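Here is data20.cif, consisting of mmCIF, C-alpha atoms:
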data_coords
#
loop_
_atom_site.label_atom_id
_atom_site.label_comp_id
_atom_site.auth_asym_id
_atom_site.auth_seq_id
_atom_site.Cartn_x
_atom_site.Cartn_y
_atom_site.Cartn_z
CA MET A 1 4.85 -55.15 -56.22
CA ALA A 2 8.29 -53.91 -55.48
CA LYS A 3 7.39 -50.50 -56.87
CA ALA A 4 4.34 -50.27 -54.61
CA THR A 5 6.39 -50.94 -51.53
CA THR A 6 8.96 -48.31 -52.44
CA LYS A 7 6.22 -45.76 -53.02
CA ASN A 8 4.63 -46.77 -49.75
CA THR A 9 7.87 -46.43 -47.83
CA ALA A 10 8.64 -43.15 -49.59
CA THR A 11 5.27 -41.69 -48.60
CA LYS A 12 5.76 -42.99 -45.09
CA LYS A 13 9.13 -41.27 -44.93
CA VAL A 14 7.68 -38.01 -46.24
CA THR A 15 4.79 -38.05 -43.75
CA ALA A 16 7.19 -38.98 -40.97
CA THR A 17 9.45 -36.01 -41.79
CA ARG A 18 6.40 -33.73 -41.96
CA LYS A 19 5.30 -34.91 -38.52
CA VAL A 20 8.78 -34.27 -37.13
CA ALA A 21 8.82 -30.82 -38.70
CA LYS A 22 5.39 -30.05 -37.20
CA LYS A 23 6.55 -31.17 -33.77
CA LYS A 24 9.58 -28.92 -34.03
CA VAL A 25 7.38 -25.95 -35.00
CA VAL A 26 4.99 -26.68 -32.14
CA LYS A 27 7.90 -27.00 -29.70
CA LYS A 28 9.30 -23.66 -30.88
CA LYS A 29 5.91 -21.97 -30.43
CA VAL A 30 5.53 -23.42 -26.93
CA ALA A 31 9.06 -22.34 -26.07
CA LYS A 32 8.35 -18.80 -27.33
CA LYS A 33 5.18 -18.62 -25.23
CA LYS A 34 7.07 -19.76 -22.13
CA VAL A 35 9.76 -17.14 -22.72
CA ALA A 36 7.10 -14.47 -23.25
CA LYS A 37 5.33 -15.48 -20.02
CA LYS A 38 8.62 -15.32 -18.12
CA LYS A 39 9.32 -11.85 -19.50
CA VAL A 40 5.85 -10.63 -18.49
CA ALA A 41 6.28 -12.15 -15.04
CA LYS A 42 9.67 -10.45 -14.66
CA LYS A 43 8.18 -7.11 -15.71
CA LYS A 44 5.38 -7.49 -13.15
CA VAL A 45 7.83 -8.34 -10.39
CA ALA A 46 10.08 -5.44 -11.37
CA LYS A 47 7.09 -3.08 -11.41
CA LYS A 48 6.04 -4.11 -7.92
CA LYS A 49 9.54 -3.56 -6.59
CA THR A 50 9.79 -0.04 -8.02
CA THR A 51 6.33 1.18 -6.99
CA ARG A 52 6.44 0.16 -3.35
CA ARG A 53 8.67 2.00 -0.96
CA LYS A 54 8.97 1.03 2.66
CA VAL A 55 9.33 3.53 5.44
CA ALA A 56 11.46 2.48 8.33
CA ALA A 57 9.41 1.91 11.46
CA LYS A 58 10.02 4.35 14.28
CA PRO A 59 11.79 2.75 17.22
CA VAL A 60 9.59 2.36 20.28
CA ASP A 61 11.28 3.09 23.61
CA GLY A 62 10.18 1.89 27.05
CA THR A 63 7.95 4.87 27.87
CA GLN A 64 6.17 4.66 24.51
CA ARG A 65 5.62 0.93 25.03
CA ALA A 66 4.23 1.51 28.53
CA LEU A 67 1.94 4.24 27.19
CA LYS A 68 0.61 1.94 24.47
CA ASP A 69 0.04 -0.82 27.01
CA SER A 70 -2.03 1.53 29.16
CA LEU A 71 -3.99 2.66 26.07
CA ARG A 72 -4.73 -0.96 25.10
CA ALA A 73 -6.75 -1.26 28.32
CA MET A 74 -9.08 1.50 27.06
CA LYS A 75 -12.12 0.75 24.94
CA VAL A 76 -12.52 2.02 21.37
CA PRO A 77 -15.17 4.66 22.24
CA GLU A 78 -12.83 6.10 24.89
CA LEU A 79 -9.96 6.29 22.39
CA LYS A 80 -12.24 7.97 19.84
CA GLU A 81 -13.34 10.48 22.49
CA ARG A 82 -9.69 11.41 23.10
CA LEU A 83 -9.11 11.85 19.36
CA ARG A 84 -12.28 13.97 18.92
CA ALA A 85 -11.21 16.25 21.77
CA ASN A 86 -7.99 16.92 19.82
CA ASP A 87 -9.63 17.24 16.36
CA GLN A 88 -7.92 14.09 15.03
CA ILE A 89 -9.03 11.37 12.62
CA VAL A 90 -11.34 8.95 14.45
CA THR A 91 -11.64 6.09 11.97
CA GLY A 92 -9.55 2.92 11.91
CA THR A 93 -8.84 -0.20 13.87
CA LYS A 94 -8.12 -0.19 17.59
CA SER A 95 -4.38 -0.53 17.02
CA GLU A 96 -4.43 2.48 14.65
CA LEU A 97 -6.37 4.51 17.21
CA ILE A 98 -3.89 3.53 19.93
CA ASP A 99 -0.98 4.57 17.70
CA ARG A 100 -2.65 7.95 16.97
CA VAL A 101 -3.35 8.68 20.63
CA ALA A 102 0.15 7.64 21.71
CA GLU A 103 1.74 9.78 19.00
CA GLY A 104 -0.48 12.70 19.96
CA ILE A 105 0.44 12.45 23.62
CA THR A 106 4.18 12.26 22.95
CA LEU A 107 4.53 14.65 19.96
CA GLY A 108 1.32 16.71 19.98
CA ALA A 109 -1.86 16.73 17.89
CA LEU A 110 -1.68 17.14 14.13
CA PRO A 111 -3.13 20.52 13.10
CA ARG A 112 -5.56 21.33 10.30
CA CYS A 113 -3.97 22.11 6.95
CA PRO A 114 -2.19 25.49 7.04
CA ARG A 115 -2.96 26.11 3.36
CA CYS A 116 -6.66 25.27 2.97
CA GLY A 117 -7.77 25.12 6.61
CA LEU A 118 -10.29 22.39 5.74
CA GLY A 119 -8.43 19.10 5.67
CA ARG A 120 -6.66 17.33 8.49
CA MET A 121 -2.98 16.63 8.00
CA ARG A 122 -2.23 12.92 7.61
CA VAL A 123 0.97 10.97 8.00
CA SER A 124 2.42 9.98 4.63
CA ARG A 125 3.78 6.48 4.16
CA TRP A 126 6.89 7.99 2.55
CA GLY A 127 7.59 10.26 5.50
CA GLY A 128 6.21 13.68 6.31
CA PHE A 129 2.59 14.79 6.13
CA TYR A 130 0.00 15.66 3.49
CA CYS A 131 -3.48 17.19 3.29
CA PRO A 132 -6.04 15.31 1.18
CA GLY A 133 -8.40 18.29 1.15
CA GLY A 134 -11.81 18.79 2.71
CA TYR A 135 -15.40 19.92 2.26
CA ASP A 136 -16.31 23.60 2.08
CA ASP A 137 -20.11 23.58 2.49
CA ASP A 138 -21.17 21.03 -0.14
CA GLU A 139 -18.13 21.31 -2.39
CA TYR A 140 -14.98 19.22 -1.97
CA VAL A 141 -11.75 21.22 -2.16
CA ASP A 142 -8.67 19.23 -3.21
CA CYS A 143 -5.50 20.47 -1.49
CA LYS A 144 -2.50 18.05 -1.68
CA HIS A 145 -0.36 20.27 0.59
CA LYS A 146 2.79 18.47 1.79
CA ALA A 147 4.95 19.17 4.82
CA ARG A 148 8.05 17.57 6.26
CA GLU A 149 8.47 16.43 9.85
CA GLY A 150 10.07 19.65 11.14
CA GLU A 151 7.91 22.04 9.10
CA LEU A 152 4.63 21.20 10.84
CA ASP A 153 3.82 22.86 14.16
CA ARG A 154 1.85 20.39 16.26
CA ASN A 155 -0.83 21.49 18.70
CA PRO A 156 -0.47 20.52 22.37
CA TRP A 157 -2.45 17.39 23.28
CA VAL A 158 -5.64 18.08 25.20
CA PHE A 159 -6.43 15.49 27.85
CA GLY A 160 -10.03 14.52 28.54
CA PRO A 161 -11.89 14.96 31.83
CA ASN A 162 -10.20 11.85 33.33
CA LYS A 163 -6.69 13.37 33.03
CA ILE A 164 -5.32 9.88 32.39
CA ALA A 165 -3.29 9.33 29.26
#

Will you turn the file into structure tokens for me?
Amino acid sequence: MAKATTKNTATKKVTATRKVAKKKVVKKKVAKKKVAKKKVAKKKVAKKKTTRRKVAAKPVDGTQRALKDSLRAMKVPELKERLRANDQIVTGTKSELIDRVAEGITLGALPRCPRCGLGRMRVSRWGGFYCPGGYDDDEYVDCKHKAREGELDRNPWVFGPNKIA
């Protein structure tokens, strides 16, 4: 009987060491996965930081603020009418329309693209302006012309029949 108990305890010890070894392997695998997830998360965060650039907001003085307040009293169709009269982009939210009209009144209307003559110049989020292109009959013409702030000659703003900003 003594031999049986020693074999039994020996097998128990062997299985116990195997279980411990398995736990260690499992813990290592879990630790590796956590490290890999952290690395992927760091790469994603780093990617987001490098791809997004912020443009400093233009300071708004008292006259610009008063102009925007008077434009807020206008309805969206009236704002769109002002933009159409100056050949500007008419889509967007009311606040975007107000910003476009206020900018047009103070700085002048954005012209059509000087290169292709089809597209309307748009404000770039990185500063300056660009032309996305436009339609020539049924065919879309891609332009991608870029201009800096001082390079673009703005058209004078045309006021509607009401003559009120």

Distance criterion (all atoms listed in the file): nearest to Met74 (chain A) out of A:Ser124, A:Ser95, A:Thr106, A:Gln88: A:Ser95

Matched chain/residue IDs from the PyMOL selection byres ((chain A and resi 86) around 10), as a PyMOL selection string: chain A and resi 80-85+87-89+101+104+108-111+155-160

Test item: the PyMOL selection byres ((chain A and resi 102) around 8) resolved as a VMD selection string: chain A and resid 64 67 to 68 71 98 to 101 103 to 106

Dump as a PDB file, in the frame of the given file, selection limited to C-alpha atoms:
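The resulting file, part33.pdb, is shown below:
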ATOM      1  CA  GLN A  64       6.170   4.660  24.510  1.00  0.00           C
ATOM      2  CA  LEU A  67       1.940   4.240  27.190  1.00  0.00           C
ATOM      3  CA  LYS A  68       0.610   1.940  24.470  1.00  0.00           C
ATOM      4  CA  LEU A  71      -3.990   2.660  26.070  1.00  0.00           C
ATOM      5  CA  ILE A  98      -3.890   3.530  19.930  1.00  0.00           C
ATOM      6  CA  ASP A  99      -0.980   4.570  17.700  1.00  0.00           C
ATOM      7  CA  ARG A 100      -2.650   7.950  16.970  1.00  0.00           C
ATOM      8  CA  VAL A 101      -3.350   8.680  20.630  1.00  0.00           C
ATOM      9  CA  GLU A 103       1.740   9.780  19.000  1.00  0.00           C
ATOM     10  CA  GLY A 104      -0.480  12.700  19.960  1.00  0.00           C
ATOM     11  CA  ILE A 105       0.440  12.450  23.620  1.00  0.00           C
ATOM     12  CA  THR A 106       4.180  12.260  22.950  1.00  0.00           C
TER      13      THR A 106
END

d(CA of Asp142 (chain A), CA of Leu107 (chain A)) in Å: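 Answer for the CA of Asp142 (chain A) to CA of Leu107 (chain A) separation: 27.1 Å.
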
Result set, the PyMOL selection byres ((chain A and resi 114) around 10) on current file, as a list in words: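 Given this file, the PyMOL selection byres ((chain A and resi 114) around 10) evaluates to Pro111, Arg112, Cys113, Arg115, Cys116, Gly117, Leu118, Gly119, Arg120, Met121, Cys131, His145, Ala147, Leu152 and Asp153 of chain A.
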
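When CA of Arg122 (chain A) is paired with CA of Glu151 (chain A), their separation reads 13.7 Å.
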
Two-atom distance - CA of Gly134 (chain A), CA of Thr91 (chain A) (Å): 15.7 Å
